[in-house]
Amino acid sequence: MIQNKKLRSITAFGMSGAVVILALIFLVLPKQEYSEKENRYLEKFPVWKWETVKDGEFMSDISDYLSDHFPFRDFFVGLKTNVEMTLGKQELNDVYIAKDGYLIEEYQKPANTKRIAATMKSFYEKIKENDVETHLMLVPTASFIHADKLPEYAPLTSQMETASRIYEESGISAIDCSERLLQQADTDNLYYKTDHHWTTYGAYQGYLEFCRVKNLTPVALEDMTANRVTEEFYGTIYSKVNDYSRAGDEITIYINPADALTVHYMDTDEITDSLYNMEYLEKKDKYSLFLNNLHTLIEITNENAESEDVLVLIKDSYANSMVPFLTTHYRKIYVFDTRYYKQKPSEFIAEHKEVTDVLLLYNMNTLDTDTGIRGIY
């Protein structure tokens with residue numbers, strides 16, 4: 001009895017000591033504003049207001065703050081994920097723990113297909129009177145191309161059924177790269193394992209299909225300079241799963257030595273001769289090295305292009321890694337991110353009579369919620 005009492009006292013003392021030590025560490029350690037691993041801003045200490053105290057919001061915010069800044073938080077979050085995976089869990093935060101080291105986002109059933117198709121049709125109707133050739137490329141994601149890597153219970157996706165409906169209802173000529181990607185699915189190099197984007201090799205497959213439809217002679221990969229710039233890319237899906245023991249992805253970039261580029265970021269007025277910003281290799285968000293992250297409008301001029309044609313590219317971030325292949329064929333490319341561009345691309349096309357081609361390029365996983373779709377016309 002005495003020994004049990006001593007054991008309980010020692011246990012209580014130890015736990016109390018641990019709580020005190022953790023509290024002291026919490027007070028002493030500097031507080032991070034941003035979590036690189038989770039790719040999000042952490043909660044700030046809430047401002048005291050009587051209204052928020054009365055409705056309970058203040059205490060809820062305090063709880064979130066303490067959770068975000070708990071000592072050794074990354075270790076405990078990673079430990080929780082590893083325990084769940086060890087116990088056989090194959091889905092975390094809408095991400096499948098897939099075969100061959102892949103993390104693959106679940107494809108969410110779209111809710112805005114009709115509106116998206118109508119918006120694209122409106123855009124197409126507005127630019128029809130201009131002498132431009134218009135195409136739409138909707139890129140399937142890893143959950144469709146690598147469906148064989150998903151857990152057996154994962155539902156079959158209907159990505160390309162949705163894409164077909166948008167192609168048909170928008171009236172825009174389709175460039176469907178899904179079959180070409182499926183043919184290359186065994187190469188295991190089309191999508192990053194920790195991120196939702198396709199790799200540069202995946203983007204090259206999309207480019208090949210673009211060239212086939214446009215009757216262009218594609219530049220061969222062996223004629224470009226390939227640089228493996230990192231093997232430590234941890235993307236957006238990695239941040240959702242928090243498996244910190246997972247290996248990073250490689251990023252390879254391609255440069256056409258024949259190109260003579262001037263890249264003008266119109267929103268910041270920055271001018272460079274490269275499609276890549278290598279400073280992002282020092283950050284977690286390494287994919288942003290393509291086209292220097294997010295910009296409303298980019299003007300890319302290639303003095304050595306094989307033609308005088310001019311392309312307007314309206315896109316999401318999937319297109320960023322395909323642009324280095326497209327520059328061979330166009331004297332000038334205007335790249336629009338309509339999430340931030342506040343004017344109307346249709347008016348820009350009408351004002352720039354030199355535009356010969358328009359390409360809309362989006363991936364199927366984020367298409368349904370992409371706010372930029374509403375601004376394309």
# chains A, B, ... in the order shown; residues from 1 in each chain; ligands from 1
>>> closest_atom_pairs(of="segment 165-230 of chain A", to="segment 115-128 of chain A", cutoff="9 Å", atoms="only C-alpha atoms", output="tab-separated table")
residue	atom	partner	partner_atom	distance
A:Arg165	CA	A:Ala117	CA	7.9
A:Ile166	CA	A:Ala117	CA	4.9
A:Tyr167	CA	A:Ala117	CA	7.6
A:Glu168	CA	A:Ala117	CA	8.4
A:Glu169	CA	A:Ala117	CA	5.7
A:Ser170	CA	A:Lys121	CA	4.1
A:Gly171	CA	A:Lys121	CA	6.2
A:Ile172	CA	A:Tyr124	CA	6.8
>>> residues_around(residues="segment 222-238 of chain A", least_positions_apart="2", cutoff="9 Å", atoms="only C-alpha atoms", output="PyMOL selection string")
chain A and resi 37-39+95+103-105+192-197+219-220+240-244+246-258+278+281+284-287
>>> write_last_selection(atoms="C-alpha atoms", output="mmCIF file, in the first residue's frame")
data_model
loop_
_atom_site.group_PDB
_atom_site.id
_atom_site.type_symbol
_atom_site.label_atom_id
_atom_site.label_comp_id
_atom_site.auth_asym_id
_atom_site.auth_seq_id
_atom_site.Cartn_x
_atom_site.Cartn_y
_atom_site.Cartn_z
ATOM 1 C CA LYS A 37 5.930 22.347 -43.059
ATOM 2 C CA GLU A 38 2.182 22.946 -42.914
ATOM 3 C CA ASN A 39 2.292 25.758 -45.463
ATOM 4 C CA VAL A 95 -5.311 12.628 -49.008
ATOM 5 C CA LEU A 103 0.341 11.115 -51.621
ATOM 6 C CA ILE A 104 -2.710 11.692 -53.842
ATOM 7 C CA GLU A 105 -5.488 14.169 -53.120
ATOM 8 C CA TYR A 192 5.054 14.923 -57.750
ATOM 9 C CA LYS A 193 4.611 12.500 -54.859
ATOM 10 C CA THR A 194 4.177 15.244 -52.260
ATOM 11 C CA ASP A 195 2.443 17.929 -54.331
ATOM 12 C CA HIS A 196 -0.679 18.330 -56.479
ATOM 13 C CA HIS A 197 1.131 19.602 -59.594
ATOM 14 C CA VAL A 219 11.218 20.699 -79.284
ATOM 15 C CA ALA A 220 12.871 17.447 -78.174
ATOM 16 C CA LYS A 240 -1.797 18.347 -45.435
ATOM 17 C CA VAL A 241 -0.593 14.921 -44.285
ATOM 18 C CA ASN A 242 2.285 15.999 -42.001
ATOM 19 C CA ASP A 243 4.341 12.849 -42.549
ATOM 20 C CA TYR A 244 7.696 14.455 -41.857
ATOM 21 C CA ARG A 246 8.702 11.199 -46.124
ATOM 22 C CA ALA A 247 11.358 11.818 -48.782
ATOM 23 C CA GLY A 248 11.139 14.961 -50.889
ATOM 24 C CA ASP A 249 10.568 15.240 -54.635
ATOM 25 C CA GLU A 250 13.011 16.151 -57.352
ATOM 26 C CA ILE A 251 12.391 19.213 -59.521
ATOM 27 C CA THR A 252 13.969 19.268 -62.971
ATOM 28 C CA ILE A 253 13.839 22.366 -65.122
ATOM 29 C CA TYR A 254 14.438 22.610 -68.875
ATOM 30 C CA ILE A 255 16.049 25.494 -70.743
ATOM 31 C CA ASN A 256 16.094 25.790 -74.500
ATOM 32 C CA PRO A 257 19.567 27.156 -75.380
ATOM 33 C CA ALA A 258 18.160 28.506 -78.652
ATOM 34 C CA MET A 278 16.032 30.209 -58.223
ATOM 35 C CA LEU A 281 14.917 26.876 -53.908
ATOM 36 C CA LYS A 284 9.553 25.400 -48.956
ATOM 37 C CA ASP A 285 7.385 26.555 -51.863
ATOM 38 C CA LYS A 286 9.937 25.484 -54.445
ATOM 39 C CA TYR A 287 7.379 25.021 -57.240
#
>>> closest_residue(among="A:Val335, A:Val358, A:Leu182, A:Leu150", to="Leu297 of chain A", atoms="only C-alpha atoms")
A:Val335
>>> residues_around(residues="segment 319-321 of chain A", least_positions_apart="6", cutoff="8 Å", atoms="only C-alpha atoms", output="MDAnalysis selection string")
chainID A and resid 199:200 203 290:291 361:362
>>> select_by_dssp(residues="segment 181-376 of chain A", states="alpha helix (DSSP H)", output="NGL selection string")
:A and (181-183 or 200-214 or 236-241 or 323-326 or 345-351)
>>> write_last_selection(atoms="N, CA and C atoms", output="compact mmCIF listing (two decimals), in the first residue's frame")
# COMPACT_ATOMS: atom_id res chain seq x y z
N LEU A 181 -1.15 11.09 -71.18
CA LEU A 181 -0.66 10.89 -69.81
C LEU A 181 -0.88 9.45 -69.36
N LEU A 182 -2.03 8.89 -69.69
CA LEU A 182 -2.30 7.50 -69.32
C LEU A 182 -1.30 6.55 -69.97
N GLN A 183 -0.91 6.84 -71.19
CA GLN A 183 0.06 6.01 -71.89
C GLN A 183 1.44 6.06 -71.22
N THR A 200 7.65 18.50 -64.51
CA THR A 200 7.99 19.09 -65.80
C THR A 200 7.88 18.04 -66.91
N TYR A 201 8.12 16.78 -66.59
CA TYR A 201 7.94 15.73 -67.59
C TYR A 201 6.44 15.54 -67.90
N GLY A 202 5.61 15.63 -66.86
CA GLY A 202 4.17 15.60 -67.08
C GLY A 202 3.72 16.76 -67.93
N ALA A 203 4.26 17.96 -67.63
CA ALA A 203 3.92 19.15 -68.42
C ALA A 203 4.38 18.99 -69.87
N TYR A 204 5.50 18.30 -70.06
CA TYR A 204 6.00 18.06 -71.43
C TYR A 204 5.02 17.18 -72.21
N GLN A 205 4.37 16.23 -71.55
CA GLN A 205 3.37 15.40 -72.22
C GLN A 205 2.18 16.26 -72.67
N GLY A 206 1.77 17.20 -71.81
CA GLY A 206 0.72 18.13 -72.20
C GLY A 206 1.14 18.99 -73.38
N TYR A 207 2.40 19.41 -73.37
CA TYR A 207 2.94 20.20 -74.48
C TYR A 207 2.96 19.41 -75.78
N LEU A 208 3.32 18.13 -75.70
CA LEU A 208 3.33 17.29 -76.90
C LEU A 208 1.94 17.19 -77.52
N GLU A 209 0.92 17.07 -76.66
CA GLU A 209 -0.44 17.00 -77.18
C GLU A 209 -0.86 18.34 -77.78
N PHE A 210 -0.42 19.43 -77.16
CA PHE A 210 -0.68 20.76 -77.71
C PHE A 210 -0.08 20.86 -79.11
N CYS A 211 1.16 20.41 -79.27
CA CYS A 211 1.83 20.48 -80.57
C CYS A 211 1.12 19.59 -81.60
N ARG A 212 0.65 18.42 -81.18
CA ARG A 212 -0.05 17.52 -82.11
C ARG A 212 -1.30 18.19 -82.66
N VAL A 213 -2.09 18.79 -81.75
CA VAL A 213 -3.33 19.43 -82.18
C VAL A 213 -3.04 20.66 -83.05
N LYS A 214 -1.99 21.39 -82.70
CA LYS A 214 -1.66 22.63 -83.42
C LYS A 214 -0.78 22.38 -84.65
N THR A 236 2.31 20.81 -51.40
CA THR A 236 1.08 21.14 -50.66
C THR A 236 0.45 19.91 -50.01
N ILE A 237 0.56 18.75 -50.65
CA ILE A 237 -0.07 17.55 -50.07
C ILE A 237 0.72 17.06 -48.87
N TYR A 238 2.03 17.19 -48.94
CA TYR A 238 2.89 16.90 -47.79
C TYR A 238 2.45 17.71 -46.58
N SER A 239 2.10 18.97 -46.82
CA SER A 239 1.69 19.85 -45.73
C SER A 239 0.33 19.46 -45.15
N LYS A 240 -0.49 18.79 -45.93
CA LYS A 240 -1.80 18.35 -45.43
C LYS A 240 -1.69 17.07 -44.61
N VAL A 241 -0.71 16.22 -44.95
CA VAL A 241 -0.59 14.92 -44.28
C VAL A 241 0.31 14.98 -43.07
N VAL A 323 5.19 26.44 -69.81
CA VAL A 323 5.59 27.62 -70.57
C VAL A 323 6.99 27.49 -71.18
N PRO A 324 7.99 26.93 -70.46
CA PRO A 324 9.33 26.84 -71.06
C PRO A 324 9.38 26.04 -72.36
N PHE A 325 8.40 25.19 -72.60
CA PHE A 325 8.34 24.45 -73.87
C PHE A 325 7.62 25.26 -74.95
N LEU A 326 6.65 26.07 -74.54
CA LEU A 326 5.85 26.84 -75.50
C LEU A 326 6.62 27.99 -76.13
N PRO A 345 -9.52 39.95 -69.92
CA PRO A 345 -8.67 39.40 -70.97
C PRO A 345 -9.28 39.50 -72.36
N SER A 346 -10.61 39.40 -72.46
CA SER A 346 -11.26 39.51 -73.77
C SER A 346 -11.02 40.89 -74.38
N GLU A 347 -11.02 41.92 -73.55
CA GLU A 347 -10.75 43.27 -74.04
C GLU A 347 -9.27 43.41 -74.43
N PHE A 348 -8.40 42.78 -73.63
CA PHE A 348 -6.96 42.81 -73.95
C PHE A 348 -6.72 42.18 -75.32
N ILE A 349 -7.39 41.06 -75.60
CA ILE A 349 -7.23 40.38 -76.88
C ILE A 349 -7.74 41.25 -78.02
N ALA A 350 -8.86 41.92 -77.79
CA ALA A 350 -9.43 42.80 -78.83
C ALA A 350 -8.50 43.97 -79.13
N GLU A 351 -7.81 44.47 -78.10
CA GLU A 351 -6.92 45.62 -78.27
C GLU A 351 -5.58 45.23 -78.87
